[in-house]
Amino acid sequence: MNRKKMIEDAMDSISTIRRRAGLHTQHYLIDKNKLNISPSEGQIIHILQHYKKINIKQLSQFTGTTSSATTQLVDSLVEKDMVNRENDETDRRSVTLTLTKNANNHINEFRKLHISMMAETLKILNDDELENFNNLCQKILSSQKEGTINER
């Protein structure tokens, strides 16, 4: 098999695993806790969890959406007590976004669910295979600069 075909196959496999995982994620975000969080809102929460503090312009760059579309999503998350808006201490025109305590509580619950789901997905691998998989993932991640992969 040629390299291009192997890359396409790997890409398809990763997409399928992500899609299947996303179905479980949506069940948690919508049904289990009645949060009614959309996938786009979930993406924003994920980015805020990683970066801790970020402004709308930076957030829109990570999501690949316009500032106005990002603002609408953030407005919804503020109403759901998931995101705080804070005036930037260095620039009065800018607003910094952070997660609320409520969001962090849900993230902790979601993380437990996600770990359980991934354990189920990866149970087919023995310990050596899982270690090899982790090493390959780390090798790929270490070759990338922060922010060069759109973390969706």
# chains A, B, ... in the order shown; residues from 1 in each chain; ligands from 1

call {"tool": "select_by_dssp", "arguments": {"residues": "segment 83-125 of chain A", "states": "helix (DSSP H, G or I)", "output": "VMD selection string"}}
result
chain A and resid 101 to 122

call {"tool": "write_last_selection", "arguments": {"atoms": "C-alpha atoms", "output": "PDB file, in the first residue's frame"}}
result
ATOM      1  CA  LYS A 101     -17.222  26.946  38.244  1.00  0.00           C
ATOM      2  CA  ASN A 102     -20.375  25.336  36.847  1.00  0.00           C
ATOM      3  CA  ALA A 103     -18.605  24.601  33.550  1.00  0.00           C
ATOM      4  CA  ASN A 104     -15.601  23.131  35.353  1.00  0.00           C
ATOM      5  CA  ASN A 105     -17.878  20.829  37.359  1.00  0.00           C
ATOM      6  CA  HIS A 106     -19.477  19.564  34.157  1.00  0.00           C
ATOM      7  CA  ILE A 107     -16.082  19.195  32.493  1.00  0.00           C
ATOM      8  CA  ASN A 108     -14.927  16.949  35.335  1.00  0.00           C
ATOM      9  CA  GLU A 109     -18.019  14.750  34.919  1.00  0.00           C
ATOM     10  CA  PHE A 110     -17.646  14.747  31.164  1.00  0.00           C
ATOM     11  CA  ARG A 111     -13.964  13.808  31.463  1.00  0.00           C
ATOM     12  CA  LYS A 112     -14.876  10.760  33.552  1.00  0.00           C
ATOM     13  CA  LEU A 113     -17.407   9.734  30.914  1.00  0.00           C
ATOM     14  CA  HIS A 114     -14.919  10.358  28.106  1.00  0.00           C
ATOM     15  CA  ILE A 115     -12.216   8.272  29.809  1.00  0.00           C
ATOM     16  CA  SER A 116     -14.707   5.465  30.294  1.00  0.00           C
ATOM     17  CA  MET A 117     -15.755   5.697  26.652  1.00  0.00           C
ATOM     18  CA  MET A 118     -12.145   5.689  25.433  1.00  0.00           C
ATOM     19  CA  ALA A 119     -11.338   2.730  27.683  1.00  0.00           C
ATOM     20  CA  GLU A 120     -14.184   0.860  26.002  1.00  0.00           C
ATOM     21  CA  THR A 121     -12.942   1.888  22.555  1.00  0.00           C
ATOM     22  CA  LEU A 122      -9.337   0.915  23.280  1.00  0.00           C
TER      23      LEU A 122
END

call {"tool": "select_by_dssp", "arguments": {"residues": "segment 58-136 of chain A", "states": "strand (DSSP E)", "output": "ChimeraX atom specification"}}
result
/A:83-87,95-99

call {"tool": "write_last_selection", "arguments": {"atoms": "N, CA and C atoms", "output": "short mmCIF file (atom, residue, chain, number, x, y, z; two decimals), in the first residue's frame"}}
result
data_model
loop_
_atom_site.label_atom_id
_atom_site.label_comp_id
_atom_site.auth_asym_id
_atom_site.auth_seq_id
_atom_site.Cartn_x
_atom_site.Cartn_y
_atom_site.Cartn_z
N VAL A 83 -19.72 30.27 30.85
CA VAL A 83 -18.61 31.17 30.51
C VAL A 83 -18.81 32.51 31.21
N ASN A 84 -17.69 33.05 31.70
CA ASN A 84 -17.67 34.41 32.28
C ASN A 84 -17.02 35.35 31.29
N ARG A 85 -17.52 36.57 31.27
CA ARG A 85 -16.86 37.66 30.54
C ARG A 85 -16.23 38.56 31.59
N GLU A 86 -14.95 38.86 31.38
CA GLU A 86 -14.25 39.75 32.30
C GLU A 86 -13.56 40.83 31.50
N ASN A 87 -13.62 42.06 31.98
CA ASN A 87 -12.91 43.14 31.31
C ASN A 87 -11.42 42.88 31.40
N VAL A 95 -12.45 41.99 26.06
CA VAL A 95 -13.09 41.18 27.09
C VAL A 95 -12.42 39.81 27.10
N THR A 96 -12.08 39.33 28.28
CA THR A 96 -11.47 38.02 28.43
C THR A 96 -12.54 37.02 28.83
N LEU A 97 -12.48 35.84 28.23
CA LEU A 97 -13.44 34.79 28.52
C LEU A 97 -12.78 33.71 29.38
N THR A 98 -13.52 33.25 30.37
CA THR A 98 -13.05 32.15 31.23
C THR A 98 -14.24 31.23 31.49
N LEU A 99 -13.94 30.03 31.93
CA LEU A 99 -15.01 29.09 32.29
C LEU A 99 -15.51 29.38 33.70
#

call {"tool": "residues_around", "arguments": {"residues": "Ile44 of chain A", "least_positions_apart": "3", "cutoff": "8 Å", "atoms": "only C-alpha atoms", "output": "list in words"}}
result
Ser40, Glu41, Ile47, Leu48, Leu59, Thr63 and Val74 of chain A

call {"tool": "write_last_selection", "arguments": {"atoms": "N, CA and C atoms", "output": "PDB file, in the first residue's frame"}}
result
ATOM      1  N   SER A  40     -20.751  23.096  18.714  1.00  0.00           N
ATOM      2  CA  SER A  40     -19.950  24.320  18.596  1.00  0.00           C
ATOM      3  C   SER A  40     -19.670  24.936  19.968  1.00  0.00           C
ATOM      4  N   GLU A  41     -20.680  24.909  20.834  1.00  0.00           N
ATOM      5  CA  GLU A  41     -20.483  25.413  22.192  1.00  0.00           C
ATOM      6  C   GLU A  41     -19.517  24.506  22.957  1.00  0.00           C
ATOM      7  N   ILE A  47     -11.824  24.633  24.193  1.00  0.00           N
ATOM      8  CA  ILE A  47     -10.739  25.600  23.959  1.00  0.00           C
ATOM      9  C   ILE A  47     -10.472  26.410  25.222  1.00  0.00           C
ATOM     10  N   LEU A  48     -11.538  26.859  25.885  1.00  0.00           N
ATOM     11  CA  LEU A  48     -11.363  27.633  27.115  1.00  0.00           C
ATOM     12  C   LEU A  48     -10.736  26.790  28.229  1.00  0.00           C
ATOM     13  N   LEU A  59     -10.427  33.319  20.137  1.00  0.00           N
ATOM     14  CA  LEU A  59     -11.348  32.182  20.115  1.00  0.00           C
ATOM     15  C   LEU A  59     -11.887  31.950  18.713  1.00  0.00           C
ATOM     16  N   THR A  63     -11.668  28.544  16.353  1.00  0.00           N
ATOM     17  CA  THR A  63     -12.868  27.844  15.882  1.00  0.00           C
ATOM     18  C   THR A  63     -13.052  27.971  14.381  1.00  0.00           C
ATOM     19  N   VAL A  74     -20.803  32.469  22.489  1.00  0.00           N
ATOM     20  CA  VAL A  74     -20.380  32.846  23.839  1.00  0.00           C
ATOM     21  C   VAL A  74     -21.567  33.411  24.620  1.00  0.00           C
TER      22      VAL A  74
END

call {"tool": "closest_residue", "arguments": {"among": "A:Glu129, A:Ala10, A:Ile56, A:Pro39", "to": "Asp88 of chain A", "atoms": "only C-alpha atoms"}}
result
A:Ile56

call {"tool": "decode", "arguments": {"residues": "segment 6-152 of chain A", "atoms": "C-alpha atoms", "output": "compact mmCIF listing (two decimals), in the first residue's frame"}}
result
# COMPACT_ATOMS: atom_id res chain seq x y z
CA MET A 6 -2.22 4.74 4.20
CA ILE A 7 -2.60 8.40 5.23
CA GLU A 8 -6.11 8.52 3.74
CA ASP A 9 -7.03 5.30 5.57
CA ALA A 10 -5.64 6.65 8.86
CA MET A 11 -7.54 9.90 8.36
CA ASP A 12 -10.79 8.03 7.68
CA SER A 13 -10.29 5.82 10.73
CA ILE A 14 -9.58 8.77 13.03
CA SER A 15 -12.65 10.61 11.68
CA THR A 16 -14.86 7.58 12.26
CA ILE A 17 -13.60 7.13 15.83
CA ARG A 18 -14.18 10.86 16.52
CA ARG A 19 -17.67 10.75 15.01
CA ARG A 20 -18.66 7.73 17.08
CA ALA A 21 -17.24 9.35 20.20
CA GLY A 22 -19.15 12.53 19.37
CA LEU A 23 -22.45 10.66 19.52
CA HIS A 24 -21.72 9.71 23.14
CA THR A 25 -20.58 13.25 23.86
CA GLN A 26 -23.82 14.71 22.55
CA HIS A 27 -25.81 12.29 24.70
CA TYR A 28 -24.01 13.60 27.78
CA LEU A 29 -24.17 17.26 26.82
CA ILE A 30 -27.83 17.27 25.88
CA ASP A 31 -29.67 14.41 27.56
CA LYS A 32 -27.88 13.49 30.76
CA ASN A 33 -27.59 16.91 32.38
CA LYS A 34 -30.07 18.90 30.33
CA LEU A 35 -27.33 21.37 29.46
CA ASN A 36 -28.38 21.65 25.84
CA ILE A 37 -24.82 22.38 24.74
CA SER A 38 -24.29 22.29 20.97
CA PRO A 39 -21.17 20.79 19.41
CA SER A 40 -19.95 24.32 18.60
CA GLU A 41 -20.48 25.41 22.19
CA GLY A 42 -18.71 22.27 23.36
CA GLN A 43 -15.77 23.20 21.16
CA ILE A 44 -15.60 26.63 22.81
CA ILE A 45 -15.68 25.06 26.27
CA HIS A 46 -12.88 22.70 25.23
CA ILE A 47 -10.74 25.60 23.96
CA LEU A 48 -11.36 27.63 27.11
CA GLN A 49 -10.45 24.65 29.25
CA HIS A 50 -7.13 24.40 27.43
CA TYR A 51 -6.23 28.10 27.27
CA LYS A 52 -7.92 29.24 30.53
CA LYS A 53 -8.29 32.90 29.40
CA ILE A 54 -8.87 34.01 25.83
CA ASN A 55 -10.59 36.86 23.99
CA ILE A 56 -13.22 36.63 21.26
CA LYS A 57 -10.76 37.33 18.44
CA GLN A 58 -8.43 34.54 19.55
CA LEU A 59 -11.35 32.18 20.11
CA SER A 60 -12.76 32.86 16.65
CA GLN A 61 -9.35 32.08 15.13
CA PHE A 62 -9.30 28.69 16.88
CA THR A 63 -12.87 27.84 15.88
CA GLY A 64 -12.51 29.14 12.33
CA THR A 65 -15.64 31.26 12.67
CA THR A 66 -16.28 34.98 12.48
CA SER A 67 -16.06 37.10 15.62
CA SER A 68 -19.81 37.78 15.43
CA ALA A 69 -20.65 34.04 15.20
CA THR A 70 -18.29 33.33 18.08
CA THR A 71 -19.88 36.12 20.12
CA GLN A 72 -23.33 34.57 19.60
CA LEU A 73 -22.06 31.20 20.86
CA VAL A 74 -20.38 32.85 23.84
CA ASP A 75 -23.59 34.79 24.63
CA SER A 76 -25.45 31.49 24.81
CA LEU A 77 -22.79 29.97 27.07
CA VAL A 78 -22.89 33.01 29.37
CA GLU A 79 -26.68 32.56 29.68
CA LYS A 80 -26.11 28.88 30.56
CA ASP A 81 -23.62 29.88 33.29
CA MET A 82 -20.76 28.15 31.49
CA VAL A 83 -18.61 31.17 30.51
CA ASN A 84 -17.67 34.41 32.28
CA ARG A 85 -16.86 37.66 30.54
CA GLU A 86 -14.25 39.75 32.30
CA ASN A 87 -12.91 43.14 31.31
CA ASP A 88 -9.29 42.84 30.21
CA GLU A 89 -7.09 44.63 32.73
CA THR A 90 -4.62 45.75 30.07
CA ASP A 91 -7.10 46.79 27.36
CA ARG A 92 -10.51 48.18 28.35
CA ARG A 93 -11.88 47.51 24.86
CA SER A 94 -11.16 43.80 25.15
CA VAL A 95 -13.09 41.18 27.09
CA THR A 96 -11.47 38.02 28.43
CA LEU A 97 -13.44 34.79 28.52
CA THR A 98 -13.05 32.15 31.23
CA LEU A 99 -15.01 29.09 32.29
CA THR A 100 -17.36 29.27 35.25
CA LYS A 101 -17.22 26.95 38.24
CA ASN A 102 -20.37 25.34 36.85
CA ALA A 103 -18.60 24.60 33.55
CA ASN A 104 -15.60 23.13 35.35
CA ASN A 105 -17.88 20.83 37.36
CA HIS A 106 -19.48 19.56 34.16
CA ILE A 107 -16.08 19.20 32.49
CA ASN A 108 -14.93 16.95 35.34
CA GLU A 109 -18.02 14.75 34.92
CA PHE A 110 -17.65 14.75 31.16
CA ARG A 111 -13.96 13.81 31.46
CA LYS A 112 -14.88 10.76 33.55
CA LEU A 113 -17.41 9.73 30.91
CA HIS A 114 -14.92 10.36 28.11
CA ILE A 115 -12.22 8.27 29.81
CA SER A 116 -14.71 5.46 30.29
CA MET A 117 -15.75 5.70 26.65
CA MET A 118 -12.15 5.69 25.43
CA ALA A 119 -11.34 2.73 27.68
CA GLU A 120 -14.18 0.86 26.00
CA THR A 121 -12.94 1.89 22.56
CA LEU A 122 -9.34 0.91 23.28
CA LYS A 123 -10.05 -2.31 25.16
CA ILE A 124 -9.31 -4.23 21.96
CA LEU A 125 -5.62 -3.25 22.35
CA ASN A 126 -3.37 -5.20 24.71
CA ASP A 127 -1.01 -3.24 26.99
CA ASP A 128 1.90 -3.31 24.51
CA GLU A 129 -0.33 -2.12 21.65
CA LEU A 130 -1.79 0.63 23.82
CA GLU A 131 1.71 1.76 24.80
CA ASN A 132 2.74 1.80 21.11
CA PHE A 133 -0.43 3.74 20.23
CA ASN A 134 0.32 6.33 22.95
CA ASN A 135 3.93 6.63 21.79
CA LEU A 136 2.82 7.21 18.20
CA CYS A 137 0.28 9.83 19.29
CA GLN A 138 2.94 11.63 21.35
CA LYS A 139 5.39 11.51 18.43
CA ILE A 140 2.82 13.12 16.13
CA LEU A 141 1.85 15.74 18.70
CA SER A 142 5.45 16.63 19.54
CA SER A 143 6.15 17.30 15.86
CA GLN A 144 3.40 19.91 15.72
CA LYS A 145 3.64 23.46 17.02
CA GLU A 146 0.94 24.62 19.41
CA GLY A 147 -2.01 26.06 17.51
CA THR A 148 -1.02 24.59 14.14
CA ILE A 149 -3.67 21.90 14.42
CA ASN A 150 -7.22 23.17 14.80
CA GLU A 151 -8.24 21.38 18.00
CA ARG A 152 -11.88 20.61 17.28
